[in-house]
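Asks: So that we are looking at the same thing, I have put the structure below in structure tokens.
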Amino acid sequence: MSKTPVQFRHNGFDVAVFVDGGASLLTALRDGVGDTSPKFGCGQGTCGVCSVLIDGELHLSCITLAETVGGRSVETADGLKAGAALHPLQTAFMENFAAQCGFCTPGMLMAAKALLDRNPAPTRADVIEAISGNICRCTGYEPIINAILAAAGNRQRA
Ligand code: FES
Ligand code: FES
């Protein structure tokens, strides 16, 4: 099968990968770029573990065609930290015990980042709505909600 080249920004760096026709962005990221922070869960747009930002907007990479991100900017959880320094959301998740098995965490972080980027002072209801597309089978969601609110508060005090 012939492959199609796709060039895009990945966490601030230019990358180019060859993808099969119809390949998902999730496959391009994991198998082409080598970024395994977006996870494969349902593969059909219902669990949120594959969430990434495309040009700052939250998308499910498992149902996004890789070819559609040519020339665009893709952010994943792998790009959140700056060197050795964790992103405030990552720190808040750690401090609030918001990750257990951790499988949902990269998607949760990206959903939370999308929220805080557009709304730096969310209400609890805003947070719940923002992560409503992300399934967590471990935490009961409360620690995740608390972590996102804590990250928002810390950012406002910074
Ligand atoms: S793997 Fe993409 S939404 Fe479940
Ligand atoms: S921490 Fe296990 S699925 Fe969320």
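Residue numbers start at 1 in each chain; chains themselves are named A, B, ... in the order of the structure tokens; ligands are numbered from 1 in the order shown.
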Please extract the residues at most 9 Å from ligand 2, counting only C-alpha atoms and all ligand atoms, and provide them as a CSV table (one decimal) with all heavy atoms, in the first residue's frame, using the chain letters and residue numbers of this document.

Replies:
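The result, stored in pocket.csv:
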```
chain,number,residue,atom,x,y,z
A,49,VAL,N,-9.0,8.7,25.9
A,49,VAL,CA,-7.6,8.5,26.3
A,49,VAL,C,-6.6,8.9,25.2
A,49,VAL,O,-5.4,9.1,25.4
A,49,VAL,CB,-7.3,7.0,26.7
A,49,VAL,CG1,-8.1,6.6,27.9
A,49,VAL,CG2,-7.5,6.1,25.5
A,98,ALA,N,-4.4,12.1,41.5
A,98,ALA,CA,-5.4,12.1,40.4
A,98,ALA,C,-5.1,11.0,39.4
A,98,ALA,O,-5.8,10.9,38.4
A,98,ALA,CB,-5.5,13.4,39.8
A,99,ALA,N,-4.0,10.3,39.6
A,99,ALA,CA,-3.7,9.1,38.7
A,99,ALA,C,-3.5,7.9,39.5
A,99,ALA,O,-2.8,7.9,40.5
A,99,ALA,CB,-2.4,9.4,37.9
A,100,GLN,N,-4.2,6.8,39.1
A,100,GLN,CA,-3.9,5.5,39.7
A,100,GLN,C,-3.2,4.6,38.7
A,100,GLN,O,-2.0,4.6,38.7
A,100,GLN,CB,-5.2,5.0,40.3
A,100,GLN,CG,-5.7,5.7,41.5
A,100,GLN,CD,-7.0,5.2,42.1
A,100,GLN,OE1,-7.3,4.0,42.0
A,100,GLN,NE2,-7.7,6.0,42.8
A,101,CYS,N,-4.0,4.0,37.8
A,101,CYS,CA,-3.3,3.2,36.8
A,101,CYS,C,-2.6,4.1,35.8
A,101,CYS,O,-1.6,3.8,35.2
A,101,CYS,CB,-4.2,2.2,36.1
A,101,CYS,SG,-5.2,3.0,34.8
A,102,GLY,N,-3.2,5.3,35.6
A,102,GLY,CA,-2.6,6.3,34.8
A,102,GLY,C,-2.9,6.3,33.3
A,102,GLY,O,-2.5,7.1,32.5
A,103,PHE,N,-3.8,5.3,32.9
A,103,PHE,CA,-4.1,5.1,31.5
A,103,PHE,C,-4.9,6.3,31.0
A,103,PHE,O,-4.7,6.7,29.8
A,103,PHE,CB,-4.8,3.8,31.3
A,103,PHE,CG,-4.9,3.4,29.9
A,103,PHE,CD1,-3.8,3.0,29.1
A,103,PHE,CD2,-6.1,3.4,29.2
A,103,PHE,CE1,-3.8,2.7,27.8
A,103,PHE,CE2,-6.2,3.0,27.8
A,103,PHE,CZ,-5.1,2.7,27.2
A,104,CYS,N,-5.7,6.8,31.8
A,104,CYS,CA,-6.5,8.0,31.3
A,104,CYS,C,-5.8,9.3,31.4
A,104,CYS,O,-6.3,10.3,30.9
A,104,CYS,CB,-7.9,8.0,32.1
A,104,CYS,SG,-7.6,8.6,33.8
A,105,THR,N,-4.7,9.3,32.2
A,105,THR,CA,-4.1,10.6,32.6
A,105,THR,C,-3.7,11.5,31.4
A,105,THR,O,-4.0,12.7,31.4
A,105,THR,CB,-2.9,10.3,33.5
A,105,THR,OG1,-3.4,9.5,34.6
A,105,THR,CG2,-2.4,11.6,34.1
A,108,MET,N,-6.7,13.1,30.1
A,108,MET,CA,-7.3,14.0,31.1
A,108,MET,C,-6.5,15.3,31.1
A,108,MET,O,-7.0,16.4,31.2
A,108,MET,CB,-7.3,13.4,32.4
A,108,MET,CG,-8.3,12.3,32.7
A,108,MET,SD,-10.0,13.0,32.8
A,108,MET,CE,-10.8,11.5,33.3
A,134,ASN,N,-13.9,12.0,28.9
A,134,ASN,CA,-12.8,11.2,29.3
A,134,ASN,C,-13.2,10.3,30.4
A,134,ASN,O,-13.6,10.7,31.5
A,134,ASN,CB,-11.6,12.1,29.8
A,134,ASN,CG,-11.1,13.0,28.7
A,134,ASN,OD1,-11.8,14.0,28.2
A,134,ASN,ND2,-9.9,12.8,28.2
A,135,ILE,N,-13.0,9.0,30.1
A,135,ILE,CA,-13.4,8.0,31.1
A,135,ILE,C,-12.2,7.6,31.9
A,135,ILE,O,-11.1,7.4,31.4
A,135,ILE,CB,-13.9,6.7,30.3
A,135,ILE,CG1,-15.2,7.0,29.6
A,135,ILE,CG2,-14.1,5.5,31.3
A,135,ILE,CD1,-15.8,5.9,28.7
A,136,CYS,N,-12.5,7.5,33.2
A,136,CYS,CA,-11.5,7.0,34.2
A,136,CYS,C,-12.1,5.9,35.0
A,136,CYS,O,-13.2,6.0,35.6
A,136,CYS,CB,-11.0,8.1,35.2
A,136,CYS,SG,-9.9,7.5,36.4
A,137,ARG,N,-11.5,4.7,35.0
A,137,ARG,CA,-12.1,3.6,35.6
A,137,ARG,C,-11.6,3.4,37.1
A,137,ARG,O,-12.0,2.5,37.8
A,137,ARG,CB,-11.9,2.3,34.9
A,137,ARG,CG,-10.4,2.0,34.7
A,137,ARG,CD,-10.1,0.8,33.8
A,137,ARG,NE,-8.7,0.7,33.6
A,137,ARG,CZ,-8.1,-0.2,32.8
A,137,ARG,NH1,-8.8,-1.0,32.1
A,137,ARG,NH2,-6.8,-0.2,32.7
A,138,CYS,N,-10.6,4.3,37.5
A,138,CYS,CA,-10.0,4.1,38.8
A,138,CYS,C,-10.4,5.1,39.8
A,138,CYS,O,-10.6,4.7,41.0
A,138,CYS,CB,-8.5,4.2,38.6
A,138,CYS,SG,-7.8,3.1,37.4
A,139,THR,N,-10.4,6.3,39.5
A,139,THR,CA,-10.3,7.4,40.6
A,139,THR,C,-11.6,7.8,41.1
A,139,THR,O,-11.7,8.5,42.2
A,139,THR,CB,-9.6,8.6,40.0
A,139,THR,OG1,-10.4,9.2,39.0
A,139,THR,CG2,-8.2,8.3,39.5
A,140,GLY,N,-12.7,7.6,40.4
A,140,GLY,CA,-14.0,8.2,40.8
A,140,GLY,C,-14.1,9.6,40.4
A,140,GLY,O,-15.1,10.3,40.8
A,141,TYR,N,-13.1,10.1,39.7
A,141,TYR,CA,-13.1,11.5,39.1
A,141,TYR,C,-12.8,12.6,40.1
A,141,TYR,O,-12.3,13.7,39.7
A,141,TYR,CB,-14.4,11.8,38.4
A,141,TYR,CG,-14.6,10.9,37.2
A,141,TYR,CD1,-15.5,9.8,37.3
A,141,TYR,CD2,-14.0,11.1,36.0
A,141,TYR,CE1,-15.7,8.9,36.2
A,141,TYR,CE2,-14.2,10.2,34.9
A,141,TYR,CZ,-15.0,9.2,35.0
A,141,TYR,OH,-15.2,8.3,34.0
A,144,ILE,N,-9.4,14.0,40.2
A,144,ILE,CA,-9.0,14.7,38.9
A,144,ILE,C,-9.6,16.1,38.9
A,144,ILE,O,-8.9,17.0,38.5
A,144,ILE,CB,-9.5,13.8,37.7
A,144,ILE,CG1,-8.7,12.5,37.7
A,144,ILE,CG2,-9.4,14.6,36.4
A,144,ILE,CD1,-9.3,11.5,36.7
```

Asks: Going by DSSP on the backbone, which residues of range 18-65 of chain A come out as helix (DSSP H, G or I)? List them as a ChimeraX atom specification.

Replies: /A:25-33,61-63

Asks: Go ahead and dump the residues you just picked, N, CA, C and O atoms, as a CSV table (one decimal), in the first residue's frame.

Replies:
```
chain,number,residue,atom,x,y,z
A,25,LEU,N,-4.6,9.8,13.3
A,25,LEU,CA,-3.5,10.6,13.9
A,25,LEU,C,-2.9,9.9,15.1
A,25,LEU,O,-1.7,10.0,15.3
A,26,LEU,N,-3.7,9.1,15.8
A,26,LEU,CA,-3.2,8.3,17.0
A,26,LEU,C,-2.1,7.4,16.5
A,26,LEU,O,-1.0,7.3,17.1
A,27,THR,N,-2.3,6.7,15.4
A,27,THR,CA,-1.4,5.8,14.8
A,27,THR,C,-0.1,6.5,14.4
A,27,THR,O,1.0,6.1,14.6
A,28,ALA,N,-0.3,7.7,13.7
A,28,ALA,CA,0.8,8.4,13.3
A,28,ALA,C,1.7,8.9,14.4
A,28,ALA,O,2.9,8.9,14.3
A,29,LEU,N,1.0,9.3,15.5
A,29,LEU,CA,1.8,9.8,16.7
A,29,LEU,C,2.6,8.6,17.3
A,29,LEU,O,3.8,8.7,17.6
A,30,ARG,N,1.8,7.5,17.6
A,30,ARG,CA,2.5,6.4,18.3
A,30,ARG,C,3.5,5.6,17.5
A,30,ARG,O,4.6,5.4,17.9
A,31,ASP,N,3.1,5.3,16.2
A,31,ASP,CA,4.0,4.4,15.4
A,31,ASP,C,4.9,5.2,14.5
A,31,ASP,O,6.0,4.8,14.2
A,32,GLY,N,4.5,6.5,14.2
A,32,GLY,CA,5.3,7.3,13.3
A,32,GLY,C,6.3,8.2,14.0
A,32,GLY,O,7.5,8.1,13.8
A,33,VAL,N,5.7,9.0,14.9
A,33,VAL,CA,6.5,9.9,15.7
A,33,VAL,C,7.2,9.2,16.9
A,33,VAL,O,8.3,9.7,17.4
A,61,SER,N,-7.6,11.8,18.8
A,61,SER,CA,-6.7,11.4,17.7
A,61,SER,C,-7.1,10.1,17.1
A,61,SER,O,-6.6,9.8,16.0
A,62,CYS,N,-7.8,9.2,17.8
A,62,CYS,CA,-8.2,7.9,17.2
A,62,CYS,C,-9.2,8.1,16.0
A,62,CYS,O,-9.3,7.2,15.2
A,63,ILE,N,-9.9,9.2,16.0
A,63,ILE,CA,-10.9,9.4,14.9
A,63,ILE,C,-10.6,10.6,14.1
A,63,ILE,O,-11.4,11.2,13.5
```

Asks: Which residues are near Gly21 in chain A? Cut-off 7 Å, only C-alpha atoms, ignore same chain within fewer than 2 positions. Put them as a ChimeraX atom specification.

Replies: /A:3-4,19,23

Asks: Given the selection you just returned, output its residues as a file containing C-alpha atoms, formatted as a tab-separated table (two decimals), in the first residue's frame.

Replies:
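Wrote again10.tsv, looks like this:
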```
chain	number	residue	atom	x	y	z
A	3	LYS	CA	2.11	5.79	1.97
A	4	THR	CA	1.39	9.50	2.23
A	19	VAL	CA	1.07	7.12	6.87
A	23	ALA	CA	-4.52	6.06	9.18
```

Asks: Might you pull out every residue within 7 Å of range 7-13 of chain A, with only C-alpha atoms counted and same-chain residues fewer than 5 positions away left off, and present them as an NGL selection string?

Replies: :A and (69-76 or 79)

Asks: Could you write out the selected residues, including N, CA, C and O atoms, as a compact mmCIF listing (two decimals), in the first residue's frame?

Replies:
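Resulting contents of selection05.txt:
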```
# COMPACT_ATOMS: atom_id res chain seq x y z
N VAL A 69 -3.81 16.74 9.56
CA VAL A 69 -3.02 17.63 10.43
C VAL A 69 -1.81 18.21 9.72
O VAL A 69 -0.98 18.88 10.35
N GLY A 70 -1.70 18.00 8.42
CA GLY A 70 -0.58 18.57 7.67
C GLY A 70 -0.49 20.08 7.88
O GLY A 70 -1.48 20.80 7.71
N GLY A 71 0.69 20.56 8.31
CA GLY A 71 0.91 21.99 8.51
C GLY A 71 0.32 22.54 9.79
O GLY A 71 0.42 23.73 10.05
N ARG A 72 -0.27 21.68 10.61
CA ARG A 72 -0.92 22.15 11.83
C ARG A 72 -0.05 21.80 13.04
O ARG A 72 0.96 21.11 12.94
N SER A 73 -0.47 22.30 14.20
CA SER A 73 0.28 22.09 15.44
C SER A 73 -0.45 21.08 16.31
O SER A 73 -1.62 21.28 16.63
N VAL A 74 0.24 20.01 16.67
CA VAL A 74 -0.34 18.96 17.51
C VAL A 74 0.41 18.95 18.84
O VAL A 74 1.64 18.92 18.87
N GLU A 75 -0.36 19.02 19.92
CA GLU A 75 0.23 18.95 21.27
C GLU A 75 -0.27 17.69 21.97
O GLU A 75 -1.46 17.39 21.91
N THR A 76 0.63 17.02 22.64
CA THR A 76 0.27 15.83 23.40
C THR A 76 0.77 15.99 24.83
O THR A 76 1.56 16.90 25.15
N GLY A 79 4.42 16.62 25.63
CA GLY A 79 5.03 17.94 25.46
C GLY A 79 4.70 18.92 26.58
O GLY A 79 5.08 20.09 26.51
```

Asks: May I have the residues within 12 Å of Glu95 in chain A as a count of residues only, using only C-alpha atoms and disregarding those fewer than 5 positions away in the same chain?

Replies: 11

Asks: Can you list, as a VMD selection string, all residues belonging to range 24-146 of chain A that DSSP tags as strand (DSSP E)?

Replies: chain A and resid 51 to 54 57 to 60 73 to 75

Asks: Measuring between only C-alpha atoms, which one of A:Ala66, A:Ala92, A:Ala16, A:Met110 shows the shortest distance to Leu53 in chain A?

Replies: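 Closest residue, counting only C-alpha atoms: A:Met110.
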
Asks: Can you tell me which residues sit at most 7 Å away from ligand 1, counting only C-alpha atoms and all ligand atoms, written as a ChimeraX atom specification?

Replies: /A:39-51,60-63

Asks: Once you have the residues from the selection above, write them out as a PDB file, in the first residue's frame, restricted to N, CA, C and O atoms.

Replies:
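For reference, part.pdb as written:
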```pdb
ATOM      1  N   LYS A  39      -3.050   7.462  24.288  1.00  0.00           N
ATOM      2  CA  LYS A  39      -3.284   6.014  24.420  1.00  0.00           C
ATOM      3  C   LYS A  39      -4.354   5.518  23.451  1.00  0.00           C
ATOM      4  O   LYS A  39      -5.208   6.276  23.018  1.00  0.00           O
ATOM      5  N   PHE A  40      -4.308   4.221  23.171  1.00  0.00           N
ATOM      6  CA  PHE A  40      -5.359   3.582  22.391  1.00  0.00           C
ATOM      7  C   PHE A  40      -6.289   2.862  23.358  1.00  0.00           C
ATOM      8  O   PHE A  40      -5.874   1.917  24.018  1.00  0.00           O
ATOM      9  N   GLY A  41      -7.524   3.342  23.427  1.00  0.00           N
ATOM     10  CA  GLY A  41      -8.508   2.697  24.288  1.00  0.00           C
ATOM     11  C   GLY A  41      -9.594   2.065  23.443  1.00  0.00           C
ATOM     12  O   GLY A  41      -9.468   0.946  22.972  1.00  0.00           O
ATOM     13  N   CYS A  42     -10.655   2.834  23.211  1.00  0.00           N
ATOM     14  CA  CYS A  42     -11.789   2.308  22.442  1.00  0.00           C
ATOM     15  C   CYS A  42     -11.533   2.331  20.941  1.00  0.00           C
ATOM     16  O   CYS A  42     -12.077   1.507  20.204  1.00  0.00           O
ATOM     17  N   GLY A  43     -10.753   3.301  20.493  1.00  0.00           N
ATOM     18  CA  GLY A  43     -10.498   3.423  19.058  1.00  0.00           C
ATOM     19  C   GLY A  43     -11.684   3.925  18.264  1.00  0.00           C
ATOM     20  O   GLY A  43     -11.655   3.908  17.034  1.00  0.00           O
ATOM     21  N   GLN A  44     -12.713   4.394  18.949  1.00  0.00           N
ATOM     22  CA  GLN A  44     -13.903   4.860  18.222  1.00  0.00           C
ATOM     23  C   GLN A  44     -14.504   6.127  18.813  1.00  0.00           C
ATOM     24  O   GLN A  44     -15.685   6.402  18.627  1.00  0.00           O
ATOM     25  N   GLY A  45     -13.680   6.893  19.522  1.00  0.00           N
ATOM     26  CA  GLY A  45     -14.131   8.224  19.926  1.00  0.00           C
ATOM     27  C   GLY A  45     -15.007   8.290  21.152  1.00  0.00           C
ATOM     28  O   GLY A  45     -15.746   9.263  21.315  1.00  0.00           O
ATOM     29  N   THR A  46     -14.911   7.306  22.033  1.00  0.00           N
ATOM     30  CA  THR A  46     -15.809   7.353  23.192  1.00  0.00           C
ATOM     31  C   THR A  46     -15.108   7.393  24.550  1.00  0.00           C
ATOM     32  O   THR A  46     -15.780   7.592  25.559  1.00  0.00           O
ATOM     33  N   CYS A  47     -13.804   7.207  24.615  1.00  0.00           N
ATOM     34  CA  CYS A  47     -13.170   7.113  25.945  1.00  0.00           C
ATOM     35  C   CYS A  47     -12.236   8.270  26.289  1.00  0.00           C
ATOM     36  O   CYS A  47     -11.949   8.516  27.453  1.00  0.00           O
ATOM     37  N   GLY A  48     -11.712   8.965  25.303  1.00  0.00           N
ATOM     38  CA  GLY A  48     -10.905  10.155  25.559  1.00  0.00           C
ATOM     39  C   GLY A  48      -9.430   9.939  25.841  1.00  0.00           C
ATOM     40  O   GLY A  48      -8.687  10.913  25.997  1.00  0.00           O
ATOM     41  N   VAL A  49      -8.976   8.691  25.897  1.00  0.00           N
ATOM     42  CA  VAL A  49      -7.569   8.485  26.278  1.00  0.00           C
ATOM     43  C   VAL A  49      -6.585   8.918  25.184  1.00  0.00           C
ATOM     44  O   VAL A  49      -5.397   9.056  25.441  1.00  0.00           O
ATOM     45  N   CYS A  50      -7.089   9.135  23.998  1.00  0.00           N
ATOM     46  CA  CYS A  50      -6.230   9.531  22.867  1.00  0.00           C
ATOM     47  C   CYS A  50      -6.251  11.033  22.645  1.00  0.00           C
ATOM     48  O   CYS A  50      -5.756  11.514  21.621  1.00  0.00           O
ATOM     49  N   SER A  51      -6.814  11.812  23.594  1.00  0.00           N
ATOM     50  CA  SER A  51      -7.021  13.251  23.390  1.00  0.00           C
ATOM     51  C   SER A  51      -5.721  14.009  23.163  1.00  0.00           C
ATOM     52  O   SER A  51      -4.735  13.802  23.886  1.00  0.00           O
ATOM     53  N   LEU A  60      -9.958  14.068  19.433  1.00  0.00           N
ATOM     54  CA  LEU A  60      -9.712  12.650  19.687  1.00  0.00           C
ATOM     55  C   LEU A  60      -8.868  12.117  18.537  1.00  0.00           C
ATOM     56  O   LEU A  60      -9.341  12.021  17.396  1.00  0.00           O
ATOM     57  N   SER A  61      -7.638  11.776  18.828  1.00  0.00           N
ATOM     58  CA  SER A  61      -6.723  11.420  17.740  1.00  0.00           C
ATOM     59  C   SER A  61      -7.062  10.090  17.089  1.00  0.00           C
ATOM     60  O   SER A  61      -6.641   9.829  15.965  1.00  0.00           O
ATOM     61  N   CYS A  62      -7.842   9.240  17.778  1.00  0.00           N
ATOM     62  CA  CYS A  62      -8.186   7.949  17.168  1.00  0.00           C
ATOM     63  C   CYS A  62      -9.182   8.087  16.040  1.00  0.00           C
ATOM     64  O   CYS A  62      -9.288   7.195  15.197  1.00  0.00           O
ATOM     65  N   ILE A  63      -9.932   9.183  16.030  1.00  0.00           N
ATOM     66  CA  ILE A  63     -10.908   9.369  14.948  1.00  0.00           C
ATOM     67  C   ILE A  63     -10.568  10.602  14.116  1.00  0.00           C
ATOM     68  O   ILE A  63     -11.428  11.181  13.457  1.00  0.00           O
TER      69      ILE A  63
END
```

Asks: Of the candidates A:Ala84, A:Val6, A:Val52, A:Ala114, which one gets nearest to Asp20 in chain A if we count only C-alpha atoms?

Replies: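 Closest to Asp20 in chain A of all the choices is A:Val6.
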